[in-house]
Structure formats: structure tokens, C-alpha cells
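What follows is a short report on a single structure.
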Amino acid sequence: MSQNPPRPLSPHLQVWRWHITMFSSIMHRATGIGSIAGLAMVVAWLVCLGLGNEAYTQFLTLAASPLGLVVWFLLSLAGFVHLTGGIRHFVWDLGGGLQPKNADQLAFWTMALGVVLTIAFWAVLFVCHKVSL
Amino acid sequence: MSDHRDVAARSAQDWKKSAHHGAGTWLAERFTGLALLVLTVWAAWFAYEAMDIGFDKVRTLVAQPLNAGLLSLTLVVAIWHSYLGLRVVVEDYFDRNEGRGFLLFLVFLLSLVLLVAGLGGVYLVYQGGHVQ
């Protein structure tokens, strides 16, 4: 149908040697998709809240169960790692940290910060008895 | 159209088109991302406040105009950012002949459903909060 010659697509994983900026790039995409799943969960929460007490209670029965909390934890991890990955991209977009060594460090520390923020958020939730297992 | 010169001419047209639309998309990705950096801080605080306080208090909290407004804004910006991101994923891995157009339509549909459902939920709570 198309008369255009085939355009190149993104390179596939197997042609790359492993390095941390490549890993952080893959993680940025994966956590972005994970964050959309989280967004869908928040939307479901809002819809149930709008529908009434019964729907809301049913939602919480799932969402506040131990398995539900594990899912929320993973979704928040995706969200925070994507957020700090976004900071990394802003730094790069502004022309900073583009030397390979600095780029590697930035990739590591932004991902680490995402994990730290997630753990800190959940530590507060547990310490303040907002959630319990 | 298989002639090389036609392809080159077509390509140049695409390039020019991209110089206008592409820059807008690039900027929209950054501006929505920047806004989400701030909105996520608020959303994390809001999630903390709304957790484990029971149905009635959550309704009251969400129905407060500032909270309902910021929730709606966060939804709009986050869904816009998601839409742009998912488009990039589809465009990276699917050729035009491999159902790219259909997948892009699905991405649009998903974003629309999330937007309508999310804002609808906020609206229901906001209305209910004022009726009570």
C-alpha cells in the first residue's frame, strides 16, 4: 500500500552492549508505561469515589489489600523513577551532563533518587499508620 | 512514486512539516513534564491526606474547589503527557504498514477514556459534595 521505502525503526535490544544510560533509557520507557497503569488506577479510584460508598468500599477492598499495596508500591516506584528520569532528561536537554562519564553518573543517581523517594514515601505512610499490612 | 527524486521531494516535505509540528510536540513533552514535576509533589501530599480517612472525609476533601481543581489539572496534564509518550512508543516500534495508524488511534482512545472517566469522577464528587 505504501509507496515510501521502509523507514528505519528503533534498534532492538540485542544489538546494544549493556551500559547504564541504555538501561536508564529503557527504564524511563518502562516506568512511563507503568505510570500510565498507575494513572488508570487513580482514575478508577476517582470513579468509584464518585459512584458512592459501596463502589468505593469495593475498590478499597482490593486496593488496600496486601496484594493491592504491593501493586501501589510498584506503581509509585515507576512514577518516582520516571519523575527523576524526567529530571535527568531536563539536565541533558539543557546541555548538562553529556560527557559519557557524567551521563553515566547522572543515570545512576537519578534512578537511585527515584528508589529513595519511593521508599521514603512509603516509610512515611507506614510510620504515620496510613497503611498497614 | 518509487522514483528516487520523488521520494526525496516527499521526504523534504515531511521534514518541513516536522520542523513545525515536531517542535510543538517536543515542547509539549517538556512543558507537561515540567508541570508534572510540581503537580506530583502536590499529588503525593494529597494521596497522603486522602488515605485511610473513610469515604465521607475523602469526598469532602476532593470536593474542596482547590483540590478538585488541582486534581483535574493533574489529570489533564498527566494524561496529555501519557498520550505523547505512548505515541512515541508506537512510532518507535511499529512501521506504517504494521498497524501504526490503528495503534495510534487506540492510544488516543485510551487517553480519551481516562480523561472522561477521571474528570467525570471528580465532577461527581464535586457535585455531591455541594448537594450534601
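In the C-alpha cells, the first chain shown is A, the next is B, and so on; residue numbers restart at 1 for each chain, and ligands run from 1 in the order shown.
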
For this session: Would you return as an NGL selection string the members of chain A that DSSP assigns to alpha helix (DSSP H) on this structure's backbone?
Result: :A and (20-51 or 53-63 or 66-93 or 100-127)

Since we have the selection now, will you write its residues out, keeping C-alpha atoms, as a JSON list (two decimals), in the first residue's frame?
[["chain", "number", "residue", "atom", "x", "y", "z"],
["A", 20, "ILE", "CA", 23.82, 2.27, 32.31],
["A", 21, "THR", "CA", 22.48, 5.09, 30.13],
["A", 22, "MET", "CA", 20.93, 2.47, 27.86],
["A", 23, "PHE", "CA", 19.43, 0.78, 30.91],
["A", 24, "SER", "CA", 18.11, 4.11, 32.22],
["A", 25, "SER", "CA", 16.58, 4.84, 28.82],
["A", 26, "ILE", "CA", 14.77, 1.51, 28.82],
["A", 27, "MET", "CA", 13.68, 2.10, 32.41],
["A", 28, "HIS", "CA", 12.37, 5.55, 31.52],
["A", 29, "ARG", "CA", 10.13, 4.00, 28.91],
["A", 30, "ALA", "CA", 9.08, 1.09, 31.13],
["A", 31, "THR", "CA", 8.36, 3.33, 34.12],
["A", 32, "GLY", "CA", 6.46, 5.71, 31.86],
["A", 33, "ILE", "CA", 4.15, 2.88, 30.83],
["A", 34, "GLY", "CA", 3.94, 1.76, 34.47],
["A", 35, "SER", "CA", 2.93, 5.29, 35.46],
["A", 36, "ILE", "CA", 0.07, 5.15, 32.97],
["A", 37, "ALA", "CA", -1.14, 1.98, 34.71],
["A", 38, "GLY", "CA", -0.94, 3.94, 37.97],
["A", 39, "LEU", "CA", -2.86, 6.80, 36.40],
["A", 40, "ALA", "CA", -5.57, 4.34, 35.35],
["A", 41, "MET", "CA", -5.76, 3.09, 38.97],
["A", 42, "VAL", "CA", -6.17, 6.65, 40.25],
["A", 43, "VAL", "CA", -8.91, 7.25, 37.68],
["A", 44, "ALA", "CA", -10.64, 4.06, 38.84],
["A", 45, "TRP", "CA", -10.37, 5.31, 42.43],
["A", 46, "LEU", "CA", -11.97, 8.63, 41.47],
["A", 47, "VAL", "CA", -14.78, 6.96, 39.51],
["A", 48, "CYS", "CA", -15.57, 4.67, 42.47],
["A", 49, "LEU", "CA", -15.46, 7.65, 44.81],
["A", 50, "GLY", "CA", -17.92, 9.43, 42.54],
["A", 51, "LEU", "CA", -20.24, 6.41, 42.29],
["A", 53, "ASN", "CA", -19.84, 4.37, 49.25],
["A", 54, "GLU", "CA", -20.46, 0.85, 48.01],
["A", 55, "ALA", "CA", -18.25, 1.14, 44.93],
["A", 56, "TYR", "CA", -15.60, 2.95, 46.96],
["A", 57, "THR", "CA", -15.56, 0.23, 49.62],
["A", 58, "GLN", "CA", -15.26, -2.44, 46.93],
["A", 59, "PHE", "CA", -12.36, -0.58, 45.36],
["A", 60, "LEU", "CA", -10.57, -0.24, 48.70],
["A", 61, "THR", "CA", -11.12, -3.93, 49.49],
["A", 62, "LEU", "CA", -8.86, -4.61, 46.53],
["A", 63, "ALA", "CA", -6.62, -1.53, 46.68],
["A", 66, "PRO", "CA", -1.70, -6.62, 50.89],
["A", 67, "LEU", "CA", -1.56, -7.52, 47.18],
["A", 68, "GLY", "CA", -3.11, -4.16, 46.31],
["A", 69, "LEU", "CA", -0.45, -2.38, 48.38],
["A", 70, "VAL", "CA", 2.30, -4.28, 46.55],
["A", 71, "VAL", "CA", 0.78, -3.12, 43.25],
["A", 72, "TRP", "CA", 0.56, 0.50, 44.52],
["A", 73, "PHE", "CA", 4.16, 0.27, 45.71],
["A", 74, "LEU", "CA", 5.36, -0.87, 42.28],
["A", 75, "LEU", "CA", 3.26, 1.78, 40.54],
["A", 76, "SER", "CA", 4.63, 4.51, 42.80],
["A", 77, "LEU", "CA", 8.15, 3.17, 42.17],
["A", 78, "ALA", "CA", 7.50, 3.51, 38.44],
["A", 79, "GLY", "CA", 6.15, 7.02, 38.98],
["A", 80, "PHE", "CA", 9.08, 8.25, 41.10],
["A", 81, "VAL", "CA", 11.75, 6.67, 38.87],
["A", 82, "HIS", "CA", 10.05, 8.20, 35.81],
["A", 83, "LEU", "CA", 9.92, 11.55, 37.61],
["A", 84, "THR", "CA", 13.63, 11.56, 38.46],
["A", 85, "GLY", "CA", 14.33, 10.22, 34.96],
["A", 86, "GLY", "CA", 12.48, 13.28, 33.72],
["A", 87, "ILE", "CA", 14.83, 15.49, 35.76],
["A", 88, "ARG", "CA", 17.76, 13.68, 34.06],
["A", 89, "HIS", "CA", 16.28, 14.46, 30.67],
["A", 90, "PHE", "CA", 15.86, 18.12, 31.60],
["A", 91, "VAL", "CA", 19.53, 18.26, 32.59],
["A", 92, "TRP", "CA", 20.53, 16.69, 29.28],
["A", 93, "ASP", "CA", 18.12, 18.93, 27.32],
["A", 100, "PRO", "CA", 29.91, 9.84, 28.90],
["A", 101, "LYS", "CA", 31.24, 9.68, 32.45],
["A", 102, "ASN", "CA", 28.84, 12.39, 33.71],
["A", 103, "ALA", "CA", 25.95, 10.87, 31.77],
["A", 104, "ASP", "CA", 26.61, 7.51, 33.47],
["A", 105, "GLN", "CA", 26.70, 9.14, 36.90],
["A", 106, "LEU", "CA", 23.55, 11.13, 36.21],
["A", 107, "ALA", "CA", 21.75, 7.98, 35.02],
["A", 108, "PHE", "CA", 22.74, 6.11, 38.17],
["A", 109, "TRP", "CA", 21.94, 8.86, 40.67],
["A", 110, "THR", "CA", 18.60, 9.85, 39.16],
["A", 111, "MET", "CA", 17.45, 6.21, 39.20],
["A", 112, "ALA", "CA", 18.74, 5.83, 42.77],
["A", 113, "LEU", "CA", 16.90, 9.00, 43.80],
["A", 114, "GLY", "CA", 13.67, 7.58, 42.35],
["A", 115, "VAL", "CA", 14.06, 4.45, 44.50],
["A", 116, "VAL", "CA", 14.92, 6.55, 47.59],
["A", 117, "LEU", "CA", 11.87, 8.80, 47.11],
["A", 118, "THR", "CA", 9.61, 5.75, 46.78],
["A", 119, "ILE", "CA", 10.98, 4.16, 49.95],
["A", 120, "ALA", "CA", 10.76, 7.47, 51.83],
["A", 121, "PHE", "CA", 7.13, 7.99, 50.73],
["A", 122, "TRP", "CA", 6.13, 4.52, 51.90],
["A", 123, "ALA", "CA", 8.15, 4.82, 55.11],
["A", 124, "VAL", "CA", 6.09, 7.93, 55.95],
["A", 125, "LEU", "CA", 2.86, 6.09, 55.10],
["A", 126, "PHE", "CA", 3.74, 3.19, 57.38],
["A", 127, "VAL", "CA", 5.15, 5.29, 60.22]]

Problem set entry | Proximal residues of chain B relative to chain A (only C-alpha atoms; 9 Å) as a ChimeraX atom specification | /B:1-2,7,10,30,33-34,36-37,40,44,48-49,51-53,55-56,58-59,75,78-79,82,85-86,89,91-97,114-115,117-126,128

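Across the model, the gap from atom CA of B:Leu109 to atom CA of B:Ala43 is 24.9 Å.
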
Problem set entry | Straight-line distance linking atom CA of B:Leu39 with atom CA of B:Leu70, stated in Å to one decimal |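 It comes out at 7.9 Å.
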
Exercise. Suppose you want the space between atom CA of A:Trp18 and atom CA of B:Trp26; what is it in Å?
Worked result: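 Interatomic distance here is 27.5 Å.
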
Neighbouring residues of B:Val107 were defined as those with any atom within 9 Å, considering only C-alpha atoms; residues of the same chain fewer than 4 positions away were excluded. Please report them as a JSON list (two decimals) with N, CA and C atoms, in the first residue's frame.
[["chain", "number", "residue", "atom", "x", "y", "z"],
["B", 83, "TYR", "N", -0.25, 10.48, 26.72],
["B", 83, "TYR", "CA", -0.62, 10.37, 25.31],
["B", 83, "TYR", "C", 0.60, 10.61, 24.43],
["B", 86, "LEU", "N", 3.08, 7.54, 24.90],
["B", 86, "LEU", "CA", 2.63, 6.30, 24.25],
["B", 86, "LEU", "C", 2.74, 6.41, 22.74],
["B", 87, "ARG", "N", 2.48, 7.61, 22.21],
["B", 87, "ARG", "CA", 2.63, 7.83, 20.76],
["B", 87, "ARG", "C", 4.07, 7.54, 20.33],
["B", 90, "VAL", "N", 4.74, 3.80, 20.19],
["B", 90, "VAL", "CA", 4.15, 3.19, 18.98],
["B", 90, "VAL", "C", 4.97, 3.56, 17.75],
["B", 102, "PHE", "N", -3.57, 2.38, 13.39],
["B", 102, "PHE", "CA", -4.60, 1.81, 14.26],
["B", 102, "PHE", "C", -4.17, 1.91, 15.73],
["B", 103, "LEU", "N", -2.88, 1.60, 15.98],
["B", 103, "LEU", "CA", -2.38, 1.66, 17.36],
["B", 103, "LEU", "C", -2.41, 3.10, 17.89],
["B", 111, "SER", "N", -6.53, 7.44, 25.98],
["B", 111, "SER", "CA", -6.34, 8.73, 26.64],
["B", 111, "SER", "C", -7.69, 9.42, 26.86],
["B", 112, "LEU", "N", -8.55, 9.32, 25.85],
["B", 112, "LEU", "CA", -9.86, 9.96, 25.95],
["B", 112, "LEU", "C", -10.70, 9.32, 27.05]]
